[in-house]
Amino acid sequence: MAKKTAAAKKSRLQKIPLEQHGLTRERILPCALKVTDTLQQGGFAAFIVGGAVRDLLLGRTPKDFDVATNATPEQVHALFRRSRIIGRRFRLVHVMCGADTIEVSTFRSNGLVTEDDDDRATDATGRIVRDNVFGNQEDDAERRDFTVNALYYDPTSQEIWDYRGGVADIERKTLRMIGDPATRYREDPIRMLRAARFAAKLDFKIDEATRAPVAELADLLENVPPSRLFDEMLKLLLSGHALRGVHQLRAEGLHHGILPLLDTILAQPEGERFITAALHNTDLRVQAGKPVSPAFLFATLLWHELQSDYKARIAAGTKPAPALFEAMDTVLDRQRERLAVPRRLDGTMKEIWSMQARFEQRSGSRPYRLLPHPRFRAGYDFLLLRAQSGEVAQELGDWWTTFQDASEETRAAMLLPETQGAPKRRRKRGKKPALASEPAGEA
């Protein structure tokens, strides 16, 4: 094993007692307590770790409770009947208790290993592509990204073990990288996006030494698989602080190559109003515990790029319908080169986009035919965002808000007269169109 760096030598473990931090065992998810208690009873060390400890100290409810231990994945798996070993780059164990799942990781090395170690591999840029080297608890703290995420809570003693001053940084509301930031970013460029996401989510300032290398190293994100970029962007967009997060990305210069369209959109008043309204509404839904559709979210982010491509095709003489569908495919393929938006979202996004022109048609039987569309609510919510941003008249959104819940008599009175020369289509008699269901939660 190579010698420890100067940074590792300077680390000093602080065991902070309950009377100082006030975090009691009762605030831990019962399933997480069961995991730590079982591991400790089996003779192993076990701690609640990372973001859960950070969020509890901030008075927030953690999304997940993760556990770190000196037991190997195989030893953890042997202790829990309802568990499974997962992962390739990082081998982890998922332990299930009812509807709850606790992720258990083995203490890992801080990377100070011999060059011929087959369990740790990097690519030409220094990015870690495999890392299954186990270590002790201090090693594990050293390899974590930020000091506020390197905190360990022992539910038995109710102490917080702090190797890198994370509790003090929480009190200072500061996000600080552990180790040399440039080296850590080269190991995993996603850490640059995580810095922006955590700063936005926690309302922390990024330590200057942590921020400094980002401008120079942002291009390293081009070496990250598009699927990992998508996962990280989705975490940011569904964090409940997406609006602040996108602006943080832009402030750090990290949006280039990921969502480069944001640079253009946010520089245009109309585009900025639309994106701001979409992300603000998304944040409100997440904070209220309501579901959010990723398809709807990316439909909003790509809308103005779609409009630009569509208008260019119309100007080149392409008819509206084929121009729209060609623009949809082009925009999605172009974005997928850098951000692996799953193809399963394409259908919903295209339906939301293609419905927008149909909302303009408010005469004859057209509005009745649109109401039972399976994506009506998503398309309607999208229309409201366009009205809110000033892209279309507010009157259009208000008309559909009234029409969908109105009586048949009121609906008939609301219909606009047919345009002269427009072909009339006979409306088939039958059951009345169903009303739109409960909001789909997309906006």
# chains A, B, ... in the order shown; residues from 1 in each chain; ligands from 1
>>> residues_around(residues="Gly51 (chain A)", least_positions_apart="2", cutoff="12 Å", atoms="only C-alpha atoms", output="PyMOL selection string")
chain A and resi 48-49+53-58+60-67+144-153+166+170+198+201-202
>>> write_last_selection(atoms="N, CA, C and O atoms", output="short mmCIF file (atom, residue, chain, number, x, y, z; two decimals), in the first residue's frame")
data_model
loop_
_atom_site.label_atom_id
_atom_site.label_comp_id
_atom_site.auth_asym_id
_atom_site.auth_seq_id
_atom_site.Cartn_x
_atom_site.Cartn_y
_atom_site.Cartn_z
N ILE A 48 -24.80 4.84 9.99
CA ILE A 48 -25.57 5.61 9.02
C ILE A 48 -24.59 6.63 8.45
O ILE A 48 -23.83 7.26 9.19
N VAL A 49 -24.60 6.80 7.13
CA VAL A 49 -23.51 7.56 6.53
C VAL A 49 -24.01 8.56 5.50
O VAL A 49 -25.10 8.42 4.93
N VAL A 53 -27.08 11.74 7.26
CA VAL A 53 -26.58 12.44 8.45
C VAL A 53 -26.58 13.94 8.20
O VAL A 53 -27.03 14.73 9.04
N ARG A 54 -26.11 14.32 7.04
CA ARG A 54 -26.09 15.75 6.65
C ARG A 54 -27.48 16.35 6.71
O ARG A 54 -27.70 17.41 7.32
N ASP A 55 -28.45 15.69 6.08
CA ASP A 55 -29.81 16.24 6.02
C ASP A 55 -30.46 16.30 7.40
O ASP A 55 -31.17 17.27 7.71
N LEU A 56 -30.23 15.29 8.22
CA LEU A 56 -30.81 15.30 9.57
C LEU A 56 -30.24 16.46 10.40
O LEU A 56 -30.96 17.11 11.15
N LEU A 57 -28.94 16.74 10.24
CA LEU A 57 -28.34 17.87 10.96
C LEU A 57 -28.90 19.20 10.46
O LEU A 57 -28.93 20.19 11.21
N LEU A 58 -29.35 19.22 9.21
CA LEU A 58 -29.94 20.44 8.64
C LEU A 58 -31.44 20.54 8.91
O LEU A 58 -32.09 21.49 8.47
N ARG A 60 -33.68 18.42 7.79
CA ARG A 60 -34.42 17.92 6.63
C ARG A 60 -34.74 16.44 6.80
O ARG A 60 -34.12 15.74 7.60
N THR A 61 -35.69 15.95 6.01
CA THR A 61 -36.01 14.52 5.99
C THR A 61 -35.20 13.87 4.88
O THR A 61 -35.37 14.21 3.71
N PRO A 62 -34.31 12.95 5.21
CA PRO A 62 -33.47 12.32 4.17
C PRO A 62 -34.31 11.51 3.18
O PRO A 62 -35.31 10.89 3.55
N LYS A 63 -33.87 11.52 1.94
CA LYS A 63 -34.54 10.70 0.93
C LYS A 63 -34.16 9.24 1.11
O LYS A 63 -34.98 8.34 0.91
N ASP A 64 -32.91 8.99 1.48
CA ASP A 64 -32.40 7.63 1.67
C ASP A 64 -31.58 7.56 2.94
O ASP A 64 -30.98 8.55 3.36
N PHE A 65 -31.53 6.38 3.52
CA PHE A 65 -30.65 6.10 4.66
C PHE A 65 -29.67 5.03 4.21
O PHE A 65 -30.04 3.87 4.04
N ASP A 66 -28.41 5.43 4.00
CA ASP A 66 -27.39 4.48 3.59
C ASP A 66 -26.56 4.06 4.79
O ASP A 66 -26.40 4.81 5.77
N VAL A 67 -26.00 2.85 4.71
CA VAL A 67 -25.20 2.28 5.80
C VAL A 67 -23.81 1.94 5.26
O VAL A 67 -23.69 1.42 4.15
N ARG A 144 -14.69 9.91 -0.04
CA ARG A 144 -15.98 10.56 -0.31
C ARG A 144 -15.74 11.94 -0.91
O ARG A 144 -14.67 12.53 -0.74
N ASP A 145 -16.75 12.47 -1.59
CA ASP A 145 -16.52 13.68 -2.36
C ASP A 145 -16.42 14.95 -1.51
O ASP A 145 -15.40 15.65 -1.55
N PHE A 146 -17.44 15.25 -0.71
CA PHE A 146 -17.47 16.50 0.04
C PHE A 146 -17.46 16.23 1.55
O PHE A 146 -17.97 15.20 2.00
N THR A 147 -16.91 17.17 2.29
CA THR A 147 -16.80 16.98 3.74
C THR A 147 -18.15 16.75 4.40
O THR A 147 -18.27 15.96 5.34
N VAL A 148 -19.20 17.42 3.88
CA VAL A 148 -20.53 17.29 4.50
C VAL A 148 -21.15 15.92 4.24
O VAL A 148 -22.15 15.56 4.87
N ASN A 149 -20.55 15.16 3.30
CA ASN A 149 -21.03 13.81 3.01
C ASN A 149 -20.17 12.73 3.67
O ASN A 149 -20.43 11.54 3.48
N ALA A 150 -19.16 13.14 4.40
CA ALA A 150 -18.22 12.19 5.03
C ALA A 150 -18.48 12.11 6.53
O ALA A 150 -17.55 12.18 7.33
N LEU A 151 -19.74 11.99 6.90
CA LEU A 151 -20.13 11.92 8.31
C LEU A 151 -20.72 10.54 8.60
O LEU A 151 -21.47 9.99 7.79
N TYR A 152 -20.38 9.99 9.77
CA TYR A 152 -20.82 8.65 10.15
C TYR A 152 -21.55 8.73 11.50
O TYR A 152 -20.99 9.26 12.47
N TYR A 153 -22.75 8.20 11.53
CA TYR A 153 -23.56 8.23 12.76
C TYR A 153 -23.72 6.81 13.29
O TYR A 153 -24.19 5.91 12.58
N GLY A 166 -16.77 18.01 8.52
CA GLY A 166 -18.04 18.16 7.82
C GLY A 166 -19.10 18.87 8.65
O GLY A 166 -19.89 19.66 8.10
N ILE A 170 -21.11 22.26 7.60
CA ILE A 170 -22.57 22.38 7.60
C ILE A 170 -22.98 23.65 8.32
O ILE A 170 -23.85 24.40 7.87
N PHE A 198 -25.59 19.96 -5.19
CA PHE A 198 -25.65 20.09 -3.74
C PHE A 198 -25.69 21.55 -3.30
O PHE A 198 -26.38 21.91 -2.34
N LYS A 201 -29.26 22.56 -3.90
CA LYS A 201 -30.19 21.85 -3.02
C LYS A 201 -30.09 22.33 -1.57
O LYS A 201 -31.09 22.53 -0.89
N LEU A 202 -28.85 22.49 -1.10
CA LEU A 202 -28.62 22.83 0.30
C LEU A 202 -28.55 24.33 0.54
O LEU A 202 -28.53 24.77 1.69
#
>>> select_by_dssp(residues="region 78-236 of chain A", states="alpha helix (DSSP H)", output="JSON, numbers by chain")
{"A": [78, 79, 137, 138, 139, 140, 141, 142, 143, 166, 167, 168, 169, 170, 171, 172, 181, 182, 183, 184, 185, 186, 187, 190, 191, 192, 193, 194, 195, 196, 197, 198, 199, 200, 201, 202, 208, 209, 210, 211, 214, 215, 216, 217, 226, 227, 228, 229, 230, 231, 232, 233, 234, 235, 236]}
>>> residues_around(residues="Arg184 (chain A)", least_positions_apart="5", cutoff="9 Å", atoms="only C-alpha atoms", output="NGL selection string")
:A and (127 or 143 or 145 or 177-179 or 189 or 191)
>>> write_last_selection(atoms="N, CA, C and O atoms", output="short mmCIF file (atom, residue, chain, number, x, y, z; two decimals), in the first residue's frame")
data_model
loop_
_atom_site.label_atom_id
_atom_site.label_comp_id
_atom_site.auth_asym_id
_atom_site.auth_seq_id
_atom_site.Cartn_x
_atom_site.Cartn_y
_atom_site.Cartn_z
N ARG A 127 -10.14 8.97 -15.02
CA ARG A 127 -11.48 8.66 -14.50
C ARG A 127 -11.53 7.22 -14.02
O ARG A 127 -11.10 6.30 -14.70
N ARG A 143 -12.19 9.02 0.66
CA ARG A 143 -12.58 8.85 -0.73
C ARG A 143 -13.94 9.46 -1.05
O ARG A 143 -14.33 9.55 -2.21
N ASP A 145 -16.75 12.47 -1.59
CA ASP A 145 -16.52 13.68 -2.36
C ASP A 145 -16.42 14.95 -1.51
O ASP A 145 -15.40 15.65 -1.55
N MET A 177 -14.59 20.21 -1.18
CA MET A 177 -14.12 18.93 -1.68
C MET A 177 -13.08 18.34 -0.74
O MET A 177 -12.24 19.07 -0.18
N ILE A 178 -13.11 17.04 -0.54
CA ILE A 178 -12.07 16.34 0.23
C ILE A 178 -10.91 16.05 -0.72
O ILE A 178 -11.11 15.51 -1.82
N GLY A 179 -9.70 16.38 -0.31
CA GLY A 179 -8.53 16.16 -1.15
C GLY A 179 -8.36 17.26 -2.19
O GLY A 179 -9.00 18.30 -2.14
N PRO A 189 -15.57 13.09 -13.25
CA PRO A 189 -16.05 14.43 -13.63
C PRO A 189 -17.47 14.73 -13.15
O PRO A 189 -17.84 15.90 -13.03
N ARG A 191 -18.49 14.66 -10.37
CA ARG A 191 -18.41 15.40 -9.11
C ARG A 191 -18.60 16.91 -9.33
O ARG A 191 -19.06 17.62 -8.43
#
>>> residues_around(residues="Thr210 (chain A)", least_positions_apart="4", cutoff="9 Å", atoms="only C-alpha atoms", output="NGL selection string")
:A and (175-178 or 180-182 or 195 or 206 or 214)
>>> write_last_selection(atoms="C-alpha atoms", output="PDB file, in the first residue's frame")
ATOM      1  CA  LEU A 175     -19.461  22.799   0.226  1.00  0.00           C
ATOM      2  CA  ARG A 176     -15.822  21.703   0.310  1.00  0.00           C
ATOM      3  CA  MET A 177     -14.120  18.925  -1.684  1.00  0.00           C
ATOM      4  CA  ILE A 178     -12.075  16.344   0.225  1.00  0.00           C
ATOM      5  CA  ASP A 180      -7.226  17.972  -4.214  1.00  0.00           C
ATOM      6  CA  PRO A 181     -10.300  19.123  -6.209  1.00  0.00           C
ATOM      7  CA  ALA A 182      -8.635  18.859  -9.633  1.00  0.00           C
ATOM      8  CA  ALA A 195     -21.094  20.222  -6.558  1.00  0.00           C
ATOM      9  CA  ILE A 206     -19.022  26.322  -2.971  1.00  0.00           C
ATOM     10  CA  VAL A 214     -14.127  23.540 -12.736  1.00  0.00           C
TER      11      VAL A 214
END
>>> residues_around(residues="Phe359 (chain A)", least_positions_apart="3", cutoff="9 Å", atoms="only C-alpha atoms", output="PyMOL selection string")
chain A and resi 355-356+362+366-367+370+379-380+383+396-397+400
>>> write_last_selection(atoms="N, CA, C and O atoms", output="PDB file, in the first residue's frame")
ATOM      1  N   MET A 355     -49.660  18.037 -29.605  1.00  0.00           N
ATOM      2  CA  MET A 355     -50.978  18.488 -29.177  1.00  0.00           C
ATOM      3  C   MET A 355     -51.095  20.004 -29.135  1.00  0.00           C
ATOM      4  O   MET A 355     -52.208  20.543 -29.164  1.00  0.00           O
ATOM      5  N   GLN A 356     -49.970  20.703 -29.050  1.00  0.00           N
ATOM      6  CA  GLN A 356     -50.040  22.152 -28.829  1.00  0.00           C
ATOM      7  C   GLN A 356     -50.799  22.870 -29.949  1.00  0.00           C
ATOM      8  O   GLN A 356     -51.588  23.785 -29.694  1.00  0.00           O
ATOM      9  N   ARG A 362     -60.523  25.562 -31.797  1.00  0.00           N
ATOM     10  CA  ARG A 362     -61.616  25.630 -30.819  1.00  0.00           C
ATOM     11  C   ARG A 362     -62.984  25.738 -31.483  1.00  0.00           C
ATOM     12  O   ARG A 362     -63.922  26.312 -30.915  1.00  0.00           O
ATOM     13  N   ARG A 366     -63.602  19.624 -32.943  1.00  0.00           N
ATOM     14  CA  ARG A 366     -62.188  19.417 -32.617  1.00  0.00           C
ATOM     15  C   ARG A 366     -61.905  19.419 -31.110  1.00  0.00           C
ATOM     16  O   ARG A 366     -61.189  18.553 -30.610  1.00  0.00           O
ATOM     17  N   PRO A 367     -62.420  20.381 -30.337  1.00  0.00           N
ATOM     18  CA  PRO A 367     -62.147  20.350 -28.892  1.00  0.00           C
ATOM     19  C   PRO A 367     -62.680  19.091 -28.217  1.00  0.00           C
ATOM     20  O   PRO A 367     -62.051  18.558 -27.300  1.00  0.00           O
ATOM     21  N   LEU A 370     -60.326  16.218 -28.665  1.00  0.00           N
ATOM     22  CA  LEU A 370     -59.061  16.331 -27.937  1.00  0.00           C
ATOM     23  C   LEU A 370     -59.202  15.925 -26.461  1.00  0.00           C
ATOM     24  O   LEU A 370     -58.270  15.370 -25.871  1.00  0.00           O
ATOM     25  N   GLY A 379     -50.623  17.605 -21.995  1.00  0.00           N
ATOM     26  CA  GLY A 379     -50.605  18.650 -23.011  1.00  0.00           C
ATOM     27  C   GLY A 379     -51.210  19.942 -22.509  1.00  0.00           C
ATOM     28  O   GLY A 379     -50.712  21.039 -22.811  1.00  0.00           O
ATOM     29  N   TYR A 380     -52.292  19.830 -21.723  1.00  0.00           N
ATOM     30  CA  TYR A 380     -52.957  21.009 -21.152  1.00  0.00           C
ATOM     31  C   TYR A 380     -52.026  21.720 -20.161  1.00  0.00           C
ATOM     32  O   TYR A 380     -51.900  22.947 -20.188  1.00  0.00           O
ATOM     33  N   LEU A 383     -49.562  23.604 -22.088  1.00  0.00           N
ATOM     34  CA  LEU A 383     -50.177  24.819 -22.636  1.00  0.00           C
ATOM     35  C   LEU A 383     -50.220  25.926 -21.589  1.00  0.00           C
ATOM     36  O   LEU A 383     -49.938  27.102 -21.889  1.00  0.00           O
ATOM     37  N   LEU A 396     -56.232  31.661 -24.102  1.00  0.00           N
ATOM     38  CA  LEU A 396     -56.299  30.295 -24.637  1.00  0.00           C
ATOM     39  C   LEU A 396     -56.264  29.269 -23.507  1.00  0.00           C
ATOM     40  O   LEU A 396     -57.052  28.320 -23.489  1.00  0.00           O
ATOM     41  N   GLY A 397     -55.348  29.472 -22.561  1.00  0.00           N
ATOM     42  CA  GLY A 397     -55.289  28.564 -21.417  1.00  0.00           C
ATOM     43  C   GLY A 397     -56.555  28.626 -20.587  1.00  0.00           C
ATOM     44  O   GLY A 397     -57.072  27.590 -20.137  1.00  0.00           O
ATOM     45  N   TRP A 400     -59.494  26.640 -22.214  1.00  0.00           N
ATOM     46  CA  TRP A 400     -59.453  25.191 -22.015  1.00  0.00           C
ATOM     47  C   TRP A 400     -59.696  24.808 -20.556  1.00  0.00           C
ATOM     48  O   TRP A 400     -60.255  23.753 -20.269  1.00  0.00           O
TER      49      TRP A 400
END
>>> residues_around(residues="Phe403 (chain A)", least_positions_apart="5", cutoff="8 Å", atoms="only C-alpha atoms", output="PyMOL selection string")
chain A and resi 410-411+414
>>> closest_residue(among="A:Val133, A:Leu345, A:Ala196, A:Ala406", to="Ser109 (chain A)", atoms="only C-alpha atoms")
A:Val133
>>> atom_distance(atom1="CA of Glu409 (chain A)", atom2="CA of Gln361 (chain A)")
18.9 Å
>>> residues_around(residues="Leu339 (chain A)", least_positions_apart="6", cutoff="7 Å", atoms="only C-alpha atoms", output="number ranges by chain")
A: 226-227, 229-230, 258
